[in-house]
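For reference, query.cif (mmCIF, C-alpha atoms):
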data_coords
#
loop_
_atom_site.label_atom_id
_atom_site.label_comp_id
_atom_site.auth_asym_id
_atom_site.auth_seq_id
_atom_site.Cartn_x
_atom_site.Cartn_y
_atom_site.Cartn_z
CA MET A 1360 13.69 -6.00 -25.90
CA ASP A 1361 16.17 -8.83 -26.44
CA GLU A 1362 15.03 -12.40 -25.83
CA PHE A 1363 16.33 -13.94 -22.62
CA ASP A 1364 19.27 -16.06 -23.76
CA LEU A 1365 19.99 -18.44 -20.87
CA PRO A 1366 22.63 -20.52 -22.71
CA GLY A 1367 24.53 -17.41 -23.74
CA LEU A 1368 24.29 -15.87 -20.29
CA LEU A 1369 25.57 -19.01 -18.61
CA ARG A 1370 28.52 -19.11 -20.96
CA ARG A 1371 29.18 -15.43 -20.24
CA ILE A 1372 29.07 -16.14 -16.50
CA ARG A 1373 31.48 -19.04 -16.83
CA ARG A 1374 33.84 -17.03 -18.98
CA GLN A 1375 33.85 -14.04 -16.64
CA ALA A 1376 34.17 -16.24 -13.53
CA ASP A 1377 36.72 -18.53 -15.25
CA LEU A 1378 34.81 -21.68 -14.29
CA SER A 1379 34.21 -24.97 -16.04
CA GLN A 1380 30.74 -26.47 -16.13
CA ARG A 1381 31.72 -28.85 -13.32
CA GLU A 1382 33.18 -26.02 -11.22
CA LEU A 1383 30.11 -23.84 -11.73
CA ALA A 1384 27.82 -26.74 -10.85
CA ALA A 1385 29.76 -27.49 -7.66
CA ALA A 1386 29.69 -23.83 -6.58
CA CYS A 1387 25.92 -23.65 -7.15
CA GLY A 1388 25.10 -27.01 -5.56
CA ILE A 1389 23.71 -28.60 -8.72
CA SER A 1390 24.86 -31.37 -11.04
CA ALA A 1391 27.17 -30.78 -13.99
CA SER A 1392 24.52 -32.28 -16.29
CA THR A 1393 22.07 -29.56 -15.17
CA VAL A 1394 24.51 -26.89 -16.27
CA SER A 1395 25.16 -28.74 -19.51
CA HIS A 1396 21.46 -29.06 -20.32
CA ALA A 1397 20.86 -25.37 -19.48
CA GLU A 1398 23.72 -24.24 -21.71
CA GLY A 1399 22.40 -26.45 -24.49
CA GLY A 1400 18.94 -24.84 -24.24
CA ARG A 1401 17.30 -28.11 -23.17
CA ARG A 1402 16.42 -27.09 -19.60
CA GLY A 1403 15.91 -23.97 -17.53
CA LEU A 1404 17.43 -23.04 -14.20
CA PRO A 1405 15.74 -21.95 -10.95
CA THR A 1406 16.13 -18.23 -10.39
CA HIS A 1407 18.09 -18.67 -7.17
CA VAL A 1408 20.62 -20.89 -8.98
CA LEU A 1409 21.07 -18.37 -11.78
CA ALA A 1410 21.43 -15.57 -9.23
CA ARG A 1411 24.12 -17.55 -7.41
CA ALA A 1412 25.95 -18.22 -10.68
CA ALA A 1413 25.86 -14.52 -11.58
CA GLU A 1414 27.21 -13.64 -8.16
CA LEU A 1415 30.24 -15.87 -8.76
CA ALA A 1416 31.05 -13.69 -11.79
CA GLY A 1417 30.52 -10.42 -9.90
CA LEU A 1418 27.15 -9.90 -11.60
CA ARG A 1419 23.54 -9.77 -10.40
CA LEU A 1420 20.08 -10.36 -11.83
CA ALA A 1421 17.78 -7.39 -12.42
CA LEU A 1422 14.47 -6.45 -14.06
CA VAL A 1423 14.63 -3.67 -16.64
CA ASP A 1424 11.85 -1.89 -18.48
CA ALA A 1425 11.58 -1.20 -22.22
CA GLU A 1426 13.91 1.82 -21.84
CA GLY A 1427 16.54 -0.22 -20.02
CA ARG A 1428 15.87 1.26 -16.60
CA GLN A 1429 16.11 -1.07 -13.64
CA VAL A 1430 12.81 -1.86 -11.94
CA PRO A 1431 12.99 -2.60 -8.19
CA GLY A 1432 10.94 -5.24 -6.46
CA MET A 1433 7.97 -4.28 -4.32
CA ASP A 1434 8.89 -2.88 -0.92
CA PRO A 1435 9.08 -5.70 1.68
CA GLY A 1436 8.10 -3.22 4.40
CA ALA A 1437 4.71 -2.40 2.85
CA VAL A 1438 1.55 -2.82 4.91
CA ARG A 1439 0.14 -6.29 5.57
CA ASP A 1440 -3.16 -7.71 6.77
CA GLU A 1441 -3.97 -8.55 10.37
CA GLY A 1442 -2.45 -12.01 9.91
CA GLY A 1443 0.86 -10.62 8.67
CA ARG A 1444 0.19 -11.68 5.08
CA ARG A 1445 1.06 -9.51 2.09
CA PHE A 1446 -1.82 -8.03 0.11
CA PRO A 1447 -2.32 -9.08 -3.55
CA ALA A 1448 0.41 -7.39 -5.59
CA HIS A 1449 -1.91 -6.43 -8.48
CA LEU A 1450 -4.40 -4.61 -6.21
CA ASP A 1451 -4.00 -1.32 -4.30
CA THR A 1452 -4.01 -0.98 -0.51
CA ARG A 1453 -5.76 1.72 1.50
CA TYR A 1454 -6.75 2.43 5.09
CA GLY A 1455 -9.43 0.14 6.49
CA ASP A 1456 -11.67 3.04 7.49
CA GLU A 1457 -11.89 4.37 3.93
CA ASP A 1458 -15.02 3.02 2.15
CA TRP A 1459 -14.81 -0.29 3.95
CA TRP A 1460 -17.74 -0.52 6.37
CA HIS A 1461 -21.16 -1.46 5.01
CA GLY A 1462 -24.45 -2.20 6.74
CA ASP A 1463 -24.89 -3.46 10.28
CA SER A 1464 -21.57 -5.33 10.18
CA ARG A 1465 -19.65 -2.09 10.68
CA TYR A 1466 -20.42 -2.31 14.41
CA SER A 1467 -19.86 -6.06 14.89
CA ARG A 1468 -16.68 -6.71 12.88
CA GLN A 1469 -13.17 -5.70 13.86
CA GLN A 1470 -11.99 -2.80 11.78
CA PRO A 1471 -8.74 -3.60 9.92
CA TRP A 1472 -5.89 -1.12 9.75
CA TYR A 1473 -5.46 -1.68 6.00
CA THR A 1474 -7.49 -3.31 3.23
CA TYR A 1475 -7.92 -3.30 -0.56
CA ASP A 1476 -10.64 -3.40 -3.21
CA ARG A 1477 -11.12 -6.97 -4.35
CA LEU A 1478 -12.95 -5.99 -7.54
CA ARG A 1479 -10.78 -4.71 -10.34
CA TYR A 1480 -13.38 -2.31 -11.68
CA THR A 1481 -13.43 -0.60 -8.26
CA ARG A 1482 -9.65 -0.48 -8.25
CA ASP A 1483 -9.64 0.92 -11.79
CA HIS A 1484 -12.19 3.58 -10.80
CA TRP A 1485 -9.88 4.93 -8.09
CA ARG A 1486 -6.82 4.59 -10.29
CA GLY A 1487 -8.59 6.73 -12.87
CA ARG A 1488 -9.19 9.43 -10.24
CA LEU A 1489 -5.99 9.22 -8.18
CA GLY A 1490 -3.48 7.60 -10.52
CA VAL A 1491 -1.68 4.28 -10.22
CA PRO A 1492 0.47 3.96 -7.07
CA ASP A 1493 3.98 2.64 -7.57
CA ASP A 1494 3.72 0.24 -4.64
CA HIS A 1495 1.58 -0.69 -1.68
CA GLN A 1496 1.54 1.98 1.01
CA LEU A 1497 4.08 1.93 3.82
CA PRO A 1498 2.95 1.80 7.48
CA GLN A 1499 3.12 5.12 9.28
CA PRO A 1500 2.81 6.14 12.95
CA GLY A 1501 -0.82 6.78 13.81
CA ASP A 1502 -2.26 4.37 11.22
CA SER A 1503 -4.55 2.60 13.67
CA PRO A 1504 -8.29 3.20 13.21
CA ALA A 1505 -8.48 4.74 16.70
CA ALA A 1506 -5.66 7.21 15.98
CA ARG A 1507 -7.14 8.19 12.61
CA ARG A 1508 -10.58 8.63 14.21
CA ALA A 1509 -9.08 10.87 16.91
CA ARG A 1510 -7.45 13.05 14.24
CA ARG A 1511 -10.73 13.35 12.34
CA GLN A 1512 -12.53 14.36 15.52
CA GLN A 1513 -9.87 16.94 16.35
CA ALA A 1514 -10.03 18.34 12.82
CA ALA A 1515 -13.84 18.53 13.00
CA TRP A 1516 -13.65 20.34 16.34
CA GLN A 1517 -11.18 22.85 14.90
CA ARG A 1518 -13.43 23.45 11.89
CA ARG A 1519 -16.34 24.16 14.20
CA GLN A 1520 -14.29 26.58 16.27
CA GLU A 1521 -13.05 28.36 13.14
CA GLU A 1522 -16.60 28.63 11.85
CA VAL A 1523 -17.76 30.14 15.15
CA ARG A 1524 -14.93 32.67 15.04
CA ARG A 1525 -15.67 33.56 11.41
CA ARG A 1526 -19.38 34.09 12.07
CA ARG A 1527 -18.69 36.13 15.18
CA GLU A 1528 -16.30 38.37 13.27
CA ALA A 1529 -18.92 38.76 10.53
CA GLY A 1530 -21.56 39.71 13.10
CA GLU A 1531 -23.66 36.66 12.37
CA LEU A 1532 -23.54 35.47 15.99
CA PRO A 1533 -24.25 37.51 19.12
CA GLU A 1534 -21.38 38.12 21.51
CA ARG A 1535 -21.52 35.63 24.31
CA GLN A 1536 -19.25 33.44 26.36
CA GLU A 1537 -17.42 30.68 24.57
CA TRP A 1538 -19.32 27.45 24.45
CA THR A 1539 -18.02 23.91 24.27
CA CYS A 1540 -19.40 21.43 21.77
CA THR A 1541 -20.56 18.25 23.53
CA CYS A 1542 -21.26 16.17 20.43
CA PRO A 1543 -20.30 12.50 20.95
CA PRO A 1544 -17.72 10.96 18.57
CA LEU A 1545 -20.48 9.31 16.51
CA CYS A 1546 -21.58 12.75 15.24
CA ASP A 1547 -18.23 13.17 13.49
CA GLU A 1548 -18.43 9.64 12.10
CA LEU A 1549 -21.86 10.45 10.61
CA ASP A 1550 -20.67 13.71 9.04
CA ASP A 1551 -21.19 13.32 5.25
CA GLY A 1552 -19.31 16.47 4.28
CA SER A 1553 -22.45 18.23 3.02
CA ARG A 1554 -22.20 20.96 5.72
CA ARG A 1555 -25.66 19.97 6.93
CA PRO A 1556 -25.75 19.19 10.65
CA VAL A 1557 -25.84 15.44 11.29
CA HIS A 1558 -26.07 14.21 14.88
CA ALA A 1559 -26.28 10.91 16.68
CA PRO A 1560 -29.70 10.10 18.17
CA ASP A 1561 -28.40 10.63 21.71
CA CYS A 1562 -26.45 13.82 20.97
CA PRO A 1563 -26.98 16.31 23.84
CA CYS A 1564 -25.54 19.25 21.86
CA GLY A 1565 -27.28 19.44 18.50
CA CYS A 1566 -25.11 22.38 17.44
CA ASP A 1567 -25.76 23.81 13.98
CA LEU A 1568 -23.03 25.92 12.39
CA ALA A 1569 -23.96 25.23 8.76
#
In structure tokens, write the structure found in this file.
Amino acid sequence: MDEFDLPGLLRRIRRQADLSQRELAAACGISASTVSHAEGGRRGLPTHVLARAAELAGLRLALVDAEGRQVPGMDPGAVRDEGGRRFPAHLDTRYGDEDWWHGDSRYSRQQPWYTYDRLRYTRDHWRGRLGVPDDHQLPQPGDSPAARRARRQQAAWQRRQEEVRRRREAGELPERQEWTCTCPPLCDELDDGSRRPVHAPDCPCGCDLA
């Protein structure tokens, strides 16, 4: 990739915009000596000044990769933390209810909508399994922890109903009137995916479809 040649680019801008150093400086709100020093390779220019200068010549600044393809900036509409701050650009965001709660604090701390892994080796582990995302995730309707929990509960209820239907059709369950699961929401939260029944201590149902 070619070295960034600020003096040559400034001269190209002035030639294409038909501006003297003084005229370019006045249009960009800087001194003529600043333009002179930058063209002479003795000083740099702030990015916003160079972008303004390029605009005067009908040009724009851009990032390109090794193949010459333009690389866009990160999406300004990506998810943010509860304080409205952007997450670290080099780390990957995820939902706050995915592998976030640990120990007794899960019941005493407010659950965030989005979070990230602060340790790079954890980030690299998930990148190795899921790939490297191009950007931070974008907010979607239903991203709140309560909405996601409600969807998980609904999906768990549907799985139970489908399992009952399957076992009835296979003759594994006696014919009887439909029953309604009365497991509290915590039963679904405790489900570890092993297909073994896991229930909250105060669960009045105790159903076992495994």
- prompt: Residues picked by the PyMOL selection byres ((chain A and resi 1471) around 10) here, as a list in words?
  reply: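 Selected by the PyMOL selection byres ((chain A and resi 1471) around 10) in this file: Asp1440, Glu1441, Tyr1454, Gly1455, Asp1456, Trp1459, Arg1468, Gln1469, Gln1470, Trp1472, Tyr1473, Thr1474, Ser1503 and Pro1504 of chain A.
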Residues matched by the PyMOL selection byres ((chain A and resi 1384) around 12), written as a PDB file with C-alpha atoms, in the frame of the given file:
ATOM      1  CA  LEU A1369      25.570 -19.010 -18.610  1.00  0.00           C
ATOM      2  CA  ARG A1373      31.480 -19.040 -16.830  1.00  0.00           C
ATOM      3  CA  LEU A1378      34.810 -21.680 -14.290  1.00  0.00           C
ATOM      4  CA  SER A1379      34.210 -24.970 -16.040  1.00  0.00           C
ATOM      5  CA  GLN A1380      30.740 -26.470 -16.130  1.00  0.00           C
ATOM      6  CA  ARG A1381      31.720 -28.850 -13.320  1.00  0.00           C
ATOM      7  CA  GLU A1382      33.180 -26.020 -11.220  1.00  0.00           C
ATOM      8  CA  LEU A1383      30.110 -23.840 -11.730  1.00  0.00           C
ATOM      9  CA  ALA A1385      29.760 -27.490  -7.660  1.00  0.00           C
ATOM     10  CA  ALA A1386      29.690 -23.830  -6.580  1.00  0.00           C
ATOM     11  CA  CYS A1387      25.920 -23.650  -7.150  1.00  0.00           C
ATOM     12  CA  GLY A1388      25.100 -27.010  -5.560  1.00  0.00           C
ATOM     13  CA  ILE A1389      23.710 -28.600  -8.720  1.00  0.00           C
ATOM     14  CA  SER A1390      24.860 -31.370 -11.040  1.00  0.00           C
ATOM     15  CA  ALA A1391      27.170 -30.780 -13.990  1.00  0.00           C
ATOM     16  CA  SER A1392      24.520 -32.280 -16.290  1.00  0.00           C
ATOM     17  CA  THR A1393      22.070 -29.560 -15.170  1.00  0.00           C
ATOM     18  CA  VAL A1394      24.510 -26.890 -16.270  1.00  0.00           C
ATOM     19  CA  SER A1395      25.160 -28.740 -19.510  1.00  0.00           C
ATOM     20  CA  HIS A1396      21.460 -29.060 -20.320  1.00  0.00           C
ATOM     21  CA  ALA A1397      20.860 -25.370 -19.480  1.00  0.00           C
ATOM     22  CA  GLU A1398      23.720 -24.240 -21.710  1.00  0.00           C
ATOM     23  CA  LEU A1404      17.430 -23.040 -14.200  1.00  0.00           C
ATOM     24  CA  VAL A1408      20.620 -20.890  -8.980  1.00  0.00           C
ATOM     25  CA  LEU A1409      21.070 -18.370 -11.780  1.00  0.00           C
ATOM     26  CA  ARG A1411      24.120 -17.550  -7.410  1.00  0.00           C
ATOM     27  CA  ALA A1412      25.950 -18.220 -10.680  1.00  0.00           C
ATOM     28  CA  LEU A1415      30.240 -15.870  -8.760  1.00  0.00           C
TER      29      LEU A1415
END
field: Radius query 12 Å about (-17.5, 21.0, 20.9), atoms used: all atoms listed in the file, as a PyMOL selection string
entry: chain A and resi 1512-1523+1537-1544+1546-1547+1562-1568
- request: Could you tell me how far CA of Leu1420 (chain A) lies from CA of Arg1439 (chain A), in Å and to one decimal?
  value: 26.8 Å
task: Could you tell me which of A:His1449, A:His1495, A:Arg1527, A:Arg1510 comes closest to Arg1482 (chain A) if we count only C-alpha atoms?
output: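 Between A:His1449, A:His1495, A:Arg1527, A:Arg1510, the residue approaching Arg1482 (chain A) most closely is A:His1449.
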task: Tell me, in Å to one decimal, how far CA of Asp1434 (chain A) is from CA of Ala1505 (chain A).
output: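 About the pair CA of Asp1434 (chain A) and CA of Ala1505 (chain A): they are 25.9 Å apart.
The two atoms in question, CA of Ala1448 (chain A) and CA of Pro1431 (chain A), are spaced 13.7 Å apart.
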message: So, with all atoms listed in the file as the atoms that count, which of A:Phe1363, A:Tyr1480, A:Gly1442, A:Ala1437 lies closest to Leu1422 (chain A)?
response: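 Using all atoms listed in the file, Leu1422 (chain A) sits closest to A:Phe1363.
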Would you fill the gaps in region 1406-1419 of chain A so it has N, CA and C atoms, then print it as a PDB file, in the coordinates of the input?
ATOM      1  N   THR A1406      15.620 -19.597 -10.485  1.00  0.00           N
ATOM      2  CA  THR A1406      16.130 -18.230 -10.390  1.00  0.00           C
ATOM      3  C   THR A1406      17.234 -18.124  -9.355  1.00  0.00           C
ATOM      4  N   HIS A1407      17.079 -18.803  -8.221  1.00  0.00           N
ATOM      5  CA  HIS A1407      18.090 -18.670  -7.170  1.00  0.00           C
ATOM      6  C   HIS A1407      19.428 -19.276  -7.612  1.00  0.00           C
ATOM      7  N   VAL A1408      19.380 -20.309  -8.474  1.00  0.00           N
ATOM      8  CA  VAL A1408      20.620 -20.890  -8.980  1.00  0.00           C
ATOM      9  C   VAL A1408      21.292 -19.921  -9.946  1.00  0.00           C
ATOM     10  N   LEU A1409      20.508 -19.325 -10.836  1.00  0.00           N
ATOM     11  CA  LEU A1409      21.070 -18.370 -11.780  1.00  0.00           C
ATOM     12  C   LEU A1409      21.631 -17.145 -11.057  1.00  0.00           C
ATOM     13  N   ALA A1410      20.933 -16.706 -10.009  1.00  0.00           N
ATOM     14  CA  ALA A1410      21.430 -15.570  -9.230  1.00  0.00           C
ATOM     15  C   ALA A1410      22.758 -15.903  -8.558  1.00  0.00           C
ATOM     16  N   ARG A1411      22.872 -17.120  -8.033  1.00  0.00           N
ATOM     17  CA  ARG A1411      24.120 -17.550  -7.410  1.00  0.00           C
ATOM     18  C   ARG A1411      25.249 -17.614  -8.439  1.00  0.00           C
ATOM     19  N   ALA A1412      24.941 -18.139  -9.630  1.00  0.00           N
ATOM     20  CA  ALA A1412      25.950 -18.220 -10.680  1.00  0.00           C
ATOM     21  C   ALA A1412      26.418 -16.835 -11.086  1.00  0.00           C
ATOM     22  N   ALA A1413      25.483 -15.897 -11.218  1.00  0.00           N
ATOM     23  CA  ALA A1413      25.860 -14.520 -11.580  1.00  0.00           C
ATOM     24  C   ALA A1413      26.736 -13.902 -10.509  1.00  0.00           C
ATOM     25  N   GLU A1414      26.424 -14.190  -9.264  1.00  0.00           N
ATOM     26  CA  GLU A1414      27.210 -13.640  -8.160  1.00  0.00           C
ATOM     27  C   GLU A1414      28.658 -14.111  -8.224  1.00  0.00           C
ATOM     28  N   LEU A1415      28.881 -15.341  -8.652  1.00  0.00           N
ATOM     29  CA  LEU A1415      30.240 -15.870  -8.760  1.00  0.00           C
ATOM     30  C   LEU A1415      31.064 -15.085  -9.776  1.00  0.00           C
ATOM     31  N   ALA A1416      30.360 -14.472 -10.754  1.00  0.00           N
ATOM     32  CA  ALA A1416      31.050 -13.690 -11.790  1.00  0.00           C
ATOM     33  C   ALA A1416      31.032 -12.200 -11.472  1.00  0.00           C
ATOM     34  N   GLY A1417      30.601 -11.830 -10.261  1.00  0.00           N
ATOM     35  CA  GLY A1417      30.520 -10.420  -9.900  1.00  0.00           C
ATOM     36  C   GLY A1417      29.363  -9.709 -10.563  1.00  0.00           C
ATOM     37  N   LEU A1418      28.323 -10.456 -10.927  1.00  0.00           N
ATOM     38  CA  LEU A1418      27.150  -9.900 -11.600  1.00  0.00           C
ATOM     39  C   LEU A1418      25.926 -10.107 -10.715  1.00  0.00           C
ATOM     40  N   ARG A1419      24.798  -9.560 -11.118  1.00  0.00           N
ATOM     41  CA  ARG A1419      23.540  -9.770 -10.400  1.00  0.00           C
ATOM     42  C   ARG A1419      22.387  -9.714 -11.378  1.00  0.00           C
TER      43      ARG A1419
END
